[in-house]
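Trainee: So here's upload.cif (mmCIF, C-alpha atoms).
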data_query
#
loop_
_atom_site.label_atom_id
_atom_site.label_comp_id
_atom_site.auth_asym_id
_atom_site.auth_seq_id
_atom_site.Cartn_x
_atom_site.Cartn_y
_atom_site.Cartn_z
CA MET A 1 0.00 0.00 0.00
CA LEU A 2 1.15 3.53 -0.70
CA ILE A 3 1.19 5.93 2.25
CA LYS A 4 1.03 9.61 1.39
CA ILE A 5 1.48 12.27 4.04
CA GLU A 6 0.59 15.89 3.57
CA ARG A 7 1.46 18.44 6.27
CA THR A 8 -0.01 21.92 5.85
CA GLY A 9 -0.35 25.07 7.91
CA GLY A 10 2.22 26.39 10.35
CA PHE A 11 3.47 29.97 10.49
CA THR A 12 5.31 29.54 7.18
CA GLY A 13 2.28 28.19 5.31
CA ILE A 14 4.66 25.91 3.38
CA SER A 15 3.26 22.41 2.88
CA GLU A 16 5.31 19.23 2.93
CA TYR A 17 4.54 16.01 1.13
CA CYS A 18 6.16 12.60 1.40
CA GLU A 19 5.24 9.04 0.52
CA MET A 20 6.39 5.50 1.18
CA ASN A 21 5.41 1.95 0.36
CA SER A 22 4.05 0.08 3.39
CA ASP A 23 6.44 -2.83 2.60
CA ASP A 24 9.28 -0.57 3.74
CA LEU A 25 7.78 0.01 7.20
CA PRO A 26 9.02 -1.75 10.33
CA GLY A 27 6.59 -4.21 11.98
CA PRO A 28 5.06 -1.98 14.72
CA MET A 29 4.39 0.75 12.14
CA ARG A 30 2.50 -1.74 9.95
CA LYS A 31 0.18 -2.40 12.91
CA THR A 32 -0.53 1.32 13.15
CA LEU A 33 -1.18 1.38 9.45
CA SER A 34 -3.60 -1.51 9.70
CA LYS A 35 -5.51 0.39 12.42
CA ILE A 36 -5.75 3.39 10.10
CA VAL A 37 -6.98 1.27 7.21
CA ASN A 38 -9.57 -0.38 9.45
CA GLY A 39 -10.79 3.00 10.67
CA ASN A 40 -9.54 2.98 14.27
CA SER A 41 -7.71 6.29 14.31
CA GLY A 42 -10.62 8.69 14.38
CA SER A 43 -9.43 12.24 14.63
CA SER A 44 -10.47 15.41 12.99
CA ARG A 45 -8.99 18.43 11.31
CA SER A 46 -12.05 20.38 12.34
CA ILE A 47 -11.40 23.67 14.15
CA LYS A 48 -13.59 22.35 16.97
CA SER A 49 -10.69 20.06 17.93
CA LEU A 50 -8.35 23.02 18.49
CA PRO A 51 -7.56 24.78 21.78
CA LYS A 52 -9.39 28.14 21.89
CA GLY A 53 -7.47 30.76 19.95
CA ALA A 54 -4.77 28.39 18.69
CA ALA A 55 -3.02 29.39 15.46
CA ASP A 56 -0.07 28.45 13.22
CA HIS A 57 -0.22 24.77 14.15
CA TYR A 58 0.28 21.88 11.71
CA SER A 59 -2.54 19.95 10.04
CA TYR A 60 -2.09 16.48 8.55
CA ARG A 61 -3.77 14.45 5.82
CA ILE A 62 -2.69 10.81 5.57
CA THR A 63 -3.82 8.78 2.57
CA VAL A 64 -3.39 5.00 2.50
CA ASP A 65 -4.00 3.60 -0.96
CA ASP A 66 -4.06 -0.12 -1.75
CA GLY A 67 -4.67 0.49 -5.44
CA SER A 68 -8.42 0.00 -5.37
CA ASN A 69 -9.33 1.89 -2.17
CA ALA A 70 -7.94 5.05 -0.60
CA ARG A 71 -8.51 5.72 3.12
CA VAL A 72 -7.96 9.30 4.28
CA ILE A 73 -7.26 10.41 7.83
CA GLU A 74 -7.19 14.07 8.79
CA CYS A 75 -5.96 15.48 12.09
CA ASN A 76 -3.92 18.28 13.60
CA GLN A 77 -0.96 18.50 15.97
CA TYR A 78 -3.28 18.73 19.00
CA ASN A 79 -5.39 15.63 18.41
CA ILE A 80 -2.97 13.35 16.55
CA LYS A 81 -2.60 9.96 18.24
CA ASP A 82 0.93 9.03 19.39
CA ASN A 83 1.24 5.99 17.17
CA LEU A 84 0.15 7.97 14.11
CA LYS A 85 2.69 10.70 14.97
CA SER A 86 5.42 8.05 15.15
CA LEU A 87 4.35 6.72 11.76
CA ILE A 88 4.44 10.20 10.25
CA ASN A 89 7.88 10.92 11.75
CA TYR A 90 9.21 7.63 10.35
CA VAL A 91 7.85 8.25 6.85
CA GLU A 92 9.14 11.85 6.86
CA LYS A 93 12.65 10.66 7.78
CA HIS A 94 12.87 7.68 5.46
CA SER A 95 10.73 8.53 2.46
CA SER A 96 11.13 10.13 -0.92
CA LYS A 97 9.71 13.63 -1.00
CA ALA A 98 6.68 13.78 -3.25
CA LYS A 99 5.37 16.95 -4.94
CA MET B 100 -23.70 29.80 41.91
CA ASN B 101 -20.87 31.98 40.54
CA LYS B 102 -22.83 35.11 41.48
CA LYS B 103 -23.12 33.88 45.10
CA ILE B 104 -19.35 33.29 45.25
CA VAL B 105 -18.71 36.79 43.91
CA ASP B 106 -20.73 38.18 46.80
CA ASN B 107 -19.56 35.88 49.58
CA GLY B 108 -16.35 34.04 48.65
CA THR B 109 -12.67 34.61 49.49
CA GLU B 110 -10.61 36.85 47.17
CA LYS B 111 -9.26 33.84 45.26
CA GLN B 112 -12.75 32.30 44.98
CA LYS B 113 -14.17 35.64 43.81
CA GLU B 114 -11.52 35.91 41.07
CA THR B 115 -12.30 32.42 39.77
CA ALA B 116 -16.05 33.06 39.88
CA TRP B 117 -15.70 36.36 38.00
CA LYS B 118 -13.59 34.62 35.35
CA ASN B 119 -16.30 31.96 34.93
CA LEU B 120 -19.04 34.59 34.61
CA ILE B 121 -16.95 36.54 32.08
CA LEU B 122 -16.31 33.37 30.03
CA THR B 123 -20.05 32.67 29.95
CA GLU B 124 -20.74 36.18 28.65
CA GLN B 125 -17.93 35.87 26.10
CA LEU B 126 -19.41 32.59 24.86
CA ARG B 127 -22.75 34.36 24.49
CA GLY B 128 -20.97 37.03 22.39
CA ARG B 129 -21.92 39.82 24.78
CA ARG B 130 -18.74 41.83 24.44
CA GLN B 131 -20.05 45.03 26.01
CA VAL B 132 -21.10 43.09 29.13
CA THR B 133 -17.75 41.31 29.16
CA ALA B 134 -15.86 44.61 28.98
CA LEU B 135 -17.76 45.94 32.02
CA MET B 136 -17.21 42.76 33.99
CA LEU B 137 -13.50 42.62 33.17
CA VAL B 138 -13.05 45.85 35.12
CA MET B 139 -13.87 43.86 38.28
CA LEU B 140 -10.89 41.50 37.87
CA PRO B 141 -7.60 42.39 39.53
CA LYS B 142 -4.98 43.29 36.91
CA SER B 143 -1.31 43.93 36.56
CA ASP B 144 0.06 47.07 34.95
CA LYS B 145 3.46 45.62 34.33
CA LEU B 146 5.15 43.65 31.61
CA HIS B 147 5.67 40.10 32.88
CA ARG B 148 7.65 37.74 30.64
CA THR B 149 8.71 34.15 31.24
CA ILE B 150 10.91 32.21 28.83
CA PHE B 151 11.15 28.41 28.94
CA ASP B 152 13.60 26.04 27.25
CA ALA B 153 11.74 23.06 25.76
CA GLY B 154 15.02 21.15 25.37
CA ASN B 155 14.39 20.12 21.73
CA ILE B 156 11.45 17.88 22.55
CA GLU B 157 7.76 18.55 21.88
CA ASN B 158 6.65 19.02 25.49
CA LEU B 159 5.54 22.33 26.97
CA PRO B 160 6.41 24.55 28.58
CA GLY B 161 9.92 23.19 29.34
CA THR B 162 12.43 24.47 31.91
CA LEU B 163 12.16 28.03 33.24
CA THR B 164 15.18 29.87 31.86
CA ARG B 165 14.52 33.56 32.19
CA ALA B 166 11.98 35.42 34.28
CA GLU B 167 10.97 39.08 34.10
CA GLY B 168 13.91 41.22 35.18
CA GLY B 169 16.02 38.08 35.55
CA LYS B 170 19.63 37.52 34.51
CA VAL B 171 20.41 37.45 30.79
CA LYS B 172 21.17 33.83 29.95
CA GLY B 173 20.30 31.00 27.59
CA GLY B 174 21.63 32.34 24.31
CA LYS B 175 19.99 34.16 21.41
CA PRO B 176 16.61 32.37 21.22
CA VAL B 177 15.93 33.18 24.89
CA SER B 178 17.06 36.82 24.57
CA GLU B 179 15.13 37.33 21.36
CA ALA B 180 11.91 35.84 22.74
CA TYR B 181 12.34 38.03 25.83
CA ASP B 182 13.28 41.28 24.05
CA TYR B 183 10.80 41.01 21.18
CA SER B 184 7.90 40.08 23.50
CA GLY B 185 8.81 43.27 25.33
CA ASP B 186 8.76 45.24 22.08
CA THR B 187 5.32 43.82 21.27
CA TYR B 188 3.97 44.64 24.73
CA LYS B 189 5.32 48.21 24.44
CA TYR B 190 3.77 48.63 21.00
CA TYR B 191 0.30 47.67 22.20
CA GLN B 192 0.62 49.70 25.39
CA GLN B 193 2.07 52.89 23.89
CA VAL B 194 0.19 52.92 20.58
CA HIS B 195 -3.17 51.35 21.50
CA ASP B 196 -3.26 51.74 25.30
CA ARG B 197 -3.60 47.99 25.60
CA ASN B 198 -2.17 46.16 28.60
CA SER B 199 -0.85 42.88 27.18
CA ILE B 200 -2.65 40.14 25.21
CA ASP B 201 -5.86 40.15 27.25
CA GLY B 202 -5.86 43.87 28.02
CA ARG B 203 -5.32 43.03 31.69
CA GLY B 204 -1.60 42.44 32.03
CA MET B 205 -1.58 38.75 31.09
CA LYS B 206 1.83 37.09 31.49
CA LEU B 207 3.73 36.56 28.25
CA ASP B 208 5.03 32.98 28.27
CA SER B 209 7.30 31.67 25.51
CA SER B 210 9.01 28.33 24.97
CA VAL B 211 12.09 28.19 22.74
CA HIS B 212 14.06 25.18 21.37
CA TYR B 213 10.77 23.37 20.77
CA GLY B 214 11.15 20.07 18.91
CA GLU B 215 14.02 18.99 16.69
CA ASP B 216 14.91 20.93 13.51
CA TYR B 217 11.47 22.45 14.02
CA ASN B 218 10.53 24.82 11.20
CA ASN B 219 7.67 26.58 12.94
CA ALA B 220 6.40 29.01 15.56
CA PHE B 221 2.86 28.90 16.94
CA TRP B 222 0.40 30.21 19.53
CA ASN B 223 -1.40 27.43 21.42
CA GLY B 224 -4.07 29.56 23.09
CA THR B 225 -1.93 30.10 26.20
CA GLN B 226 1.67 30.70 25.16
CA MET B 227 4.06 31.23 22.26
CA VAL B 228 6.26 28.39 21.00
CA TYR B 229 9.36 28.68 18.79
CA GLY B 230 11.45 26.13 16.92
CA ASP B 231 15.15 26.37 16.05
CA GLY B 232 14.69 25.72 12.32
CA ASP B 233 16.53 22.95 10.50
CA GLY B 234 19.49 25.10 9.43
CA GLU B 235 18.86 24.05 5.82
CA ILE B 236 15.78 26.06 4.92
CA PHE B 237 15.11 27.96 8.12
CA ASP B 238 17.04 29.74 10.83
CA ARG B 239 15.65 30.02 14.36
CA PHE B 240 12.12 31.43 14.55
CA THR B 241 12.85 33.94 17.33
CA LYS B 242 15.14 35.86 14.97
CA CYS B 243 12.51 38.32 13.68
CA VAL B 244 10.57 40.76 15.87
CA ASP B 245 7.63 40.61 13.44
CA VAL B 246 7.31 36.83 13.98
CA ILE B 247 6.96 37.38 17.72
CA GLY B 248 4.55 40.26 17.13
CA HIS B 249 2.57 37.95 14.81
CA GLU B 250 2.28 35.17 17.40
CA LEU B 251 1.35 37.50 20.28
CA THR B 252 -1.30 39.12 18.10
CA HIS B 253 -3.02 35.73 17.73
CA GLY B 254 -3.54 36.05 21.47
CA VAL B 255 -4.98 39.55 21.11
CA THR B 256 -7.37 38.29 18.40
CA GLN B 257 -8.38 35.40 20.68
CA TYR B 258 -9.44 37.88 23.38
CA GLU B 259 -11.14 40.27 20.97
CA ALA B 260 -12.83 39.23 17.71
CA ALA B 261 -11.89 35.54 18.17
CA LEU B 262 -11.88 35.07 14.38
CA GLU B 263 -12.46 31.39 13.55
CA TYR B 264 -9.34 29.74 12.20
CA GLN B 265 -10.65 28.68 8.80
CA GLY B 266 -11.66 30.17 5.46
CA GLN B 267 -11.94 33.95 5.27
CA PRO B 268 -12.22 34.52 9.04
CA GLY B 269 -9.02 32.45 9.42
CA ALA B 270 -7.25 34.39 6.67
CA LEU B 271 -8.26 37.58 8.52
CA ASN B 272 -6.93 36.11 11.76
CA GLU B 273 -3.62 35.51 9.96
CA SER B 274 -3.68 38.94 8.34
CA PHE B 275 -4.21 40.81 11.60
CA SER B 276 -1.18 38.96 12.97
CA ASP B 277 0.93 39.97 9.95
CA VAL B 278 -0.36 43.56 10.14
CA PHE B 279 0.49 44.02 13.82
CA GLY B 280 3.68 41.99 13.40
CA ILE B 281 4.95 44.46 10.83
CA LEU B 282 3.71 47.44 12.88
CA VAL B 283 5.64 46.18 15.93
CA LYS B 284 8.75 46.06 13.72
CA GLN B 285 8.10 49.49 12.16
CA TYR B 286 7.48 51.02 15.62
CA ALA B 287 10.65 49.52 17.09
CA LEU B 288 12.72 50.77 14.16
CA LYS B 289 10.78 54.04 13.74
CA GLN B 290 10.14 53.23 10.06
CA ASN B 291 7.52 55.14 8.10
CA VAL B 292 5.50 53.55 5.26
CA ASP B 293 8.27 54.23 2.72
CA LYS B 294 11.16 52.94 4.84
CA SER B 295 9.46 49.65 5.83
CA ASP B 296 10.14 46.57 3.70
CA TRP B 297 6.61 45.26 4.45
CA LEU B 298 8.07 41.73 4.62
CA ILE B 299 7.01 39.07 7.12
CA GLY B 300 9.81 36.80 8.32
CA ALA B 301 12.66 38.55 6.48
CA GLY B 302 15.80 36.78 7.66
CA LEU B 303 14.18 33.46 8.57
CA PHE B 304 15.39 31.69 5.42
CA THR B 305 18.99 30.46 5.27
CA LYS B 306 21.25 31.69 2.47
CA LYS B 307 20.52 28.44 0.58
CA VAL B 308 16.95 29.55 -0.17
CA LYS B 309 15.93 31.81 -3.05
CA GLY B 310 13.65 34.15 -1.13
CA VAL B 311 13.66 37.34 0.91
CA ALA B 312 10.86 36.52 3.37
CA LEU B 313 7.82 34.32 3.93
CA ARG B 314 5.26 36.91 2.85
CA SER B 315 5.22 40.35 1.24
CA MET B 316 2.40 42.73 2.16
CA LYS B 317 3.61 45.10 -0.55
CA GLU B 318 3.73 42.49 -3.35
CA PRO B 319 1.93 39.28 -2.40
CA GLY B 320 3.29 36.27 -4.29
CA THR B 321 6.86 37.56 -4.68
CA ALA B 322 8.51 36.72 -1.33
CA TYR B 323 10.17 33.47 -2.49
CA ASP B 324 10.61 31.22 -5.50
CA ASP B 325 12.82 28.24 -4.72
CA PRO B 326 13.27 24.73 -6.20
CA THR B 327 12.86 23.07 -2.77
CA ILE B 328 9.99 24.97 -1.18
CA GLY B 329 8.22 26.24 -4.30
CA LYS B 330 6.82 29.69 -5.01
CA ASP B 331 5.07 32.15 -2.70
CA PRO B 332 1.39 31.28 -3.31
CA GLN B 333 -0.23 34.44 -1.93
CA PRO B 334 -2.83 36.22 -4.09
CA GLY B 335 -3.06 39.99 -4.23
CA HIS B 336 -6.67 40.25 -5.48
CA MET B 337 -10.01 38.54 -4.87
CA LYS B 338 -9.97 37.20 -8.45
CA LYS B 339 -7.06 34.97 -7.40
CA TYR B 340 -8.56 33.83 -4.08
CA VAL B 341 -7.32 30.26 -3.48
CA LYS B 342 -9.98 27.63 -2.77
CA THR B 343 -8.34 24.76 -0.92
CA THR B 344 -8.97 22.36 1.93
CA SER B 345 -5.32 22.55 3.02
CA ASP B 346 -4.11 24.97 5.68
CA ASN B 347 -7.63 25.35 7.13
CA GLY B 348 -8.85 26.71 3.80
CA GLY B 349 -5.62 28.53 2.92
CA VAL B 350 -5.47 30.91 5.90
CA HIS B 351 -1.76 31.65 5.29
CA ILE B 352 -2.38 32.01 1.55
CA ASN B 353 -5.46 34.21 1.28
CA SER B 354 -4.22 36.51 4.07
CA GLY B 355 -2.32 38.14 1.19
CA ILE B 356 -5.49 39.98 0.18
CA PRO B 357 -6.29 41.81 3.46
CA ASN B 358 -2.52 42.24 4.00
CA HIS B 359 -2.23 44.11 0.73
CA ALA B 360 -5.33 46.18 1.53
CA PHE B 361 -3.64 47.33 4.75
CA TYR B 362 -0.42 48.16 2.89
CA LEU B 363 -2.28 50.20 0.22
CA ALA B 364 -4.31 52.12 2.82
CA ALA B 365 -1.17 52.84 4.86
CA GLU B 366 0.72 54.00 1.77
CA GLU B 367 -2.07 56.35 0.74
CA ILE B 368 -2.43 57.79 4.26
CA GLY B 369 1.35 57.99 4.64
CA GLY B 370 3.59 58.74 7.63
CA PHE B 371 3.86 56.14 10.37
CA ALA B 372 1.41 53.32 9.61
CA TRP B 373 0.57 52.60 13.25
CA GLU B 374 -0.84 56.08 13.85
CA LYS B 375 -3.94 56.04 11.64
CA THR B 376 -4.21 52.85 9.56
CA GLY B 377 -3.02 50.76 12.50
CA LYS B 378 -5.53 52.49 14.76
CA ILE B 379 -8.39 51.81 12.32
CA TRP B 380 -7.39 48.15 12.10
CA TYR B 381 -7.03 47.86 15.89
CA VAL B 382 -10.41 49.42 16.67
CA THR B 383 -12.04 47.18 14.05
CA LEU B 384 -10.48 44.06 15.60
CA ARG B 385 -11.27 45.12 19.15
CA ASP B 386 -14.83 46.44 18.74
CA ARG B 387 -16.43 45.41 15.47
CA LEU B 388 -15.34 42.05 14.05
CA ARG B 389 -17.02 38.75 15.02
CA GLU B 390 -15.90 35.13 14.89
CA ASN B 391 -17.27 34.58 11.38
CA SER B 392 -16.50 37.98 9.84
CA ASP B 393 -15.29 37.79 6.24
CA PHE B 394 -13.30 40.10 3.93
CA GLN B 395 -16.40 42.08 2.89
CA ASP B 396 -17.34 42.64 6.54
CA THR B 397 -13.80 43.80 7.33
CA ALA B 398 -13.83 46.20 4.39
CA ASN B 399 -17.18 47.66 5.46
CA LEU B 400 -16.15 47.91 9.11
CA THR B 401 -12.70 49.46 8.55
CA PHE B 402 -14.43 52.03 6.32
CA ASP B 403 -16.99 52.74 9.03
CA VAL B 404 -14.36 52.97 11.77
CA ALA B 405 -12.27 55.34 9.62
CA GLY B 406 -15.36 57.53 9.24
CA SER B 407 -15.94 57.54 13.01
CA LEU B 408 -12.31 58.34 13.83
CA TYR B 409 -11.44 60.80 11.08
CA GLY B 410 -14.76 61.95 9.60
CA LYS B 411 -17.05 60.75 6.84
CA GLY B 412 -15.55 61.62 3.48
CA SER B 413 -12.12 62.20 5.08
CA SER B 414 -8.96 61.38 3.14
CA GLU B 415 -8.36 58.53 5.60
CA GLN B 416 -11.75 57.00 4.83
CA LYS B 417 -11.15 57.40 1.09
CA ALA B 418 -7.83 55.58 1.45
CA ILE B 419 -9.67 52.64 3.05
CA PHE B 420 -12.21 52.63 0.24
CA ASN B 421 -9.51 52.71 -2.43
CA ALA B 422 -7.45 49.97 -0.80
CA TRP B 423 -10.29 47.44 -0.65
CA ASP B 424 -11.51 48.49 -4.10
CA GLN B 425 -8.10 47.60 -5.51
CA MET B 426 -8.51 44.18 -3.93
CA GLY B 427 -11.79 43.71 -5.82
CA ILE B 428 -13.98 44.43 -2.78
CA LYS B 429 -16.47 47.29 -2.96
CA ILE B 430 -17.36 48.87 0.36
CA LYS B 431 -21.04 48.70 1.30
CA ALA B 432 -21.33 51.67 3.62
CA LYS B 433 -23.90 51.88 6.40
CA LYS B 434 -26.71 54.29 5.53
#
Will you turn the file into structure tokens for me?
Mentor:
Amino acid sequence: MLIKIERTGGFTGISEYCEMNSDDLPGPMRKTLSKIVNGNSGSSRSIKSLPKGAADHYSYRITVDDGSNARVIECNQYNIKDNLKSLINYVEKHSSKAK
Amino acid sequence: MNKKIVDNGTEKQKETAWKNLILTEQLRGRRQVTALMLVMLPKSDKLHRTIFDAGNIENLPGTLTRAEGGKVKGGKPVSEAYDYSGDTYKYYQQVHDRNSIDGRGMKLDSSVHYGEDYNNAFWNGTQMVYGDGDGEIFDRFTKCVDVIGHELTHGVTQYEAALEYQGQPGALNESFSDVFGILVKQYALKQNVDKSDWLIGAGLFTKKVKGVALRSMKEPGTAYDDPTIGKDPQPGHMKKYVKTTSDNGGVHINSGIPNHAFYLAAEEIGGFAWEKTGKIWYVTLRDRLRENSDFQDTANLTFDVAGSLYGKGSSEQKAIFNAWDQMGIKIKAKK
């Protein structure tokens, strides 16, 4: 499966994109991925999930595509689950940068 | 129950109860009532800064490193966060008679060295947070006084109009932070409209990047054009408004439009931008805007405020009209 990560927002307003094949993930990360695909990582990018008045934070959109189905997760730096954050950090460090 | 505590409680209990009553009124949008009630809260008249070192992890606030009036230590990020918070406080106090973020002497807390190679600065609703940058694209985020002015102004907006952080209200939220960020810089350097570079984050990029700043209020879309980070996407007219689901509906992109309106109005009025244009923008933010105000509302309200402050048909009011008109927004004046 192809994992695409899009990070937007922040003071700079400069987005970052990266992607990786799930075959290249270590074992624990594949478990996280499977949770995402099966819909267990409910979060939201909605402004209702933000602390009052918060600004210039990061927002994330993670797309997991198995070729026939694409699952999309959206969240922000305040409501992102720890295991998803670890996955994103891993992909950002080890991936090819997409455009 | 809160009203009973206000009458009968200890001083500490009274303060908490008043805060709860004020929050209720704020949630109901009754700003005039809130303003009256805020007078009852004890306040500080002094600048009170605290700088924390987050130790390059993403936990807040970190270790206390410098307190108000405390010894200078901790290197440039600590000194810059301390000094530039002070400049921002002085700007709001001396120009707008405003006592800190909440108007009541709220402490200014900042954490520096947040995260690793962290290319960002943000306001989390309670404090400012600054990364060190990765050294490849970005330098440390405390380097520019306008960045600190920008972040602190998000706090001011939170306590005033509370513009929702999405779509046009979010782009306005961003724009007010850029506007007062640049005014803090201009005030500190005593720059008039011609001397200012009107750039947000000038000096944040490393020398490896082809760009002068993150945003240009004078020429939106021209601040950078680099093979790694791309081109400055800001529009300078409503015809080029960017519809996107990223960045909360492009709040850092479409802020280019109200930013440019401010620049044009300030240029036409001339002199020091904080004196008249800054005052119009501040009064609009403090008294007139609401959580869901959009660009048209802001145009109408800044025009109305200019009329109240400087007279209907005044050159100042005409400058406001012309600025928004050049953005493709026609003022709909109150009759």
Trainee: Please tabulate, as a Markdown table, the residues of chain B that come within 7 Å of chain A, each with its closest pair of atoms and the distance in Å to one decimal, counting all atoms listed in the file and ordering rows by chain, then residue number upward.
Mentor:
| residue | atom | partner | partner_atom | distance |
| --- | --- | --- | --- | --- |
| B:Asn219 | CA | A:Phe11 | CA | 5.9 |
| B:Ala220 | CA | A:Phe11 | CA | 5.9 |
| B:Phe221 | CA | A:Asp56 | CA | 4.8 |
| B:Trp222 | CA | A:Ala55 | CA | 5.4 |
| B:Asn223 | CA | A:Ala54 | CA | 4.4 |
| B:Gly224 | CA | A:Ala54 | CA | 4.6 |
| B:His253 | CA | A:Ala55 | CA | 6.7 |
| B:Gly254 | CA | A:Gly53 | CA | 6.8 |
| B:Gln257 | CA | A:Gly53 | CA | 4.8 |
| B:Ala261 | CA | A:Gly53 | CA | 6.7 |
| B:Tyr264 | CA | A:Ile47 | CA | 6.7 |
| B:Leu313 | CA | A:Thr12 | CA | 6.3 |
| B:Ser345 | CA | A:Thr8 | CA | 6.0 |
| B:Asp346 | CA | A:Gly9 | CA | 4.4 |
| B:His351 | CA | A:Gly13 | CA | 5.3 |
Trainee: B:Thr162: which residues within 9 Å, counting all atoms listed in the file, same-chain residues fewer than 4 positions away excluded, as a PyMOL selection string?
Mentor: chain B and resi 150-154+210
Trainee: Please provide the set of residues having any atom within 9 Å of A:Ser49, restricted to only C-alpha atoms, with same-chain residues fewer than 6 positions apart removed, written as a list of chain:residue names.
Mentor: A:Ser43, A:Cys75, A:Asn76, A:Tyr78, A:Asn79
Trainee: Just how far from atom CA of B:Gly202 is atom CA of B:Arg389, in Å to one decimal?
Mentor: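 Answer for the atom CA of B:Arg389 to atom CA of B:Gly202 separation: 17.9 Å.
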Trainee: Ranking B:Arg385, B:Lys170, B:Lys175, B:Lys342 by minimum distance to B:Lys242 and counting all atoms listed in the file, which one comes first?
Mentor: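 Between B:Arg385, B:Lys170, B:Lys175, B:Lys342, the residue approaching B:Lys242 most closely is B:Lys175.
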Trainee: Neighbouring residues of stretch 184-198 of chain B were defined as those with any atom within 7 Å, considering only C-alpha atoms; residues of the same chain fewer than 4 positions away were excluded. Please report them as a list in words.
Mentor: Asp144, Ala180, Gly202, Arg203, Gly204, Ile247, Gly248, Val283, Tyr286 and Ala287 of chain B
Trainee: Would you write out, as an NGL selection string, every residue that the PyMOL selection byres ((chain A and resi 29-32) around 9) captures in this file?
Mentor: :A and (22-23 or 25-28 or 33-37 or 41 or 83-84 or 86-87 or 90)
Trainee: Please write as a list in words the full residue list that the PyMOL selection byres ((chain A and resi 91) around 10) yields on this file.
Mentor: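 When the PyMOL selection byres ((chain A and resi 91) around 10) is applied, the selected residues are Ile3, Lys4, Ile5, Cys18, Glu19, Met20, Asn21, Ser22, Asp24, Leu25, Met29, Lys85, Ser86, Leu87, Ile88, Asn89, Tyr90, Glu92, Lys93, His94, Ser95, Ser96 and Lys97 of chain A.
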Trainee: Once the PyMOL selection byres ((chain B and resi 321-323) around 12) is applied to the coordinates I shared, what remains selected? I want it as a ChimeraX atom specification.
Mentor: /A:12,14 /B:236,296-304,307-320,324-335,355
Trainee: Have a look at atom CA of B:Glu167 and atom CA of B:Arg148 and let me know their distance in Å, one decimal.
Mentor: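 We find that atom CA of B:Glu167 and atom CA of B:Arg148 lie 5.0 Å from each other.
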Trainee: At what distance in Å, to one decimal, does atom CA of B:Phe420 lie from atom CA of B:Phe402?
Mentor: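 Separating atom CA of B:Phe402 from atom CA of B:Phe420 is a distance of 6.5 Å.
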Trainee: What's around B:Val177 at 10 Å? Count all atoms listed in the file, leave out sequence neighbours fewer than 3 positions away in its own chain, and write the answer as a ChimeraX atom specification.
Mentor: /B:149-152,164-165,171-174,180-182,209-212,241
Trainee: Would you kindly return, as a list in words, each protein, DNA or RNA residue with an atom no farther than 8 Å from any atom of A:Asp65, considering all atoms listed in the file and excluding same-chain residues fewer than 4 positions away?
Mentor: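 Once the adjacent positions are removed, what remains is Met1, Leu2, Ile3, Asn69, Ala70 and Arg71 of chain A.
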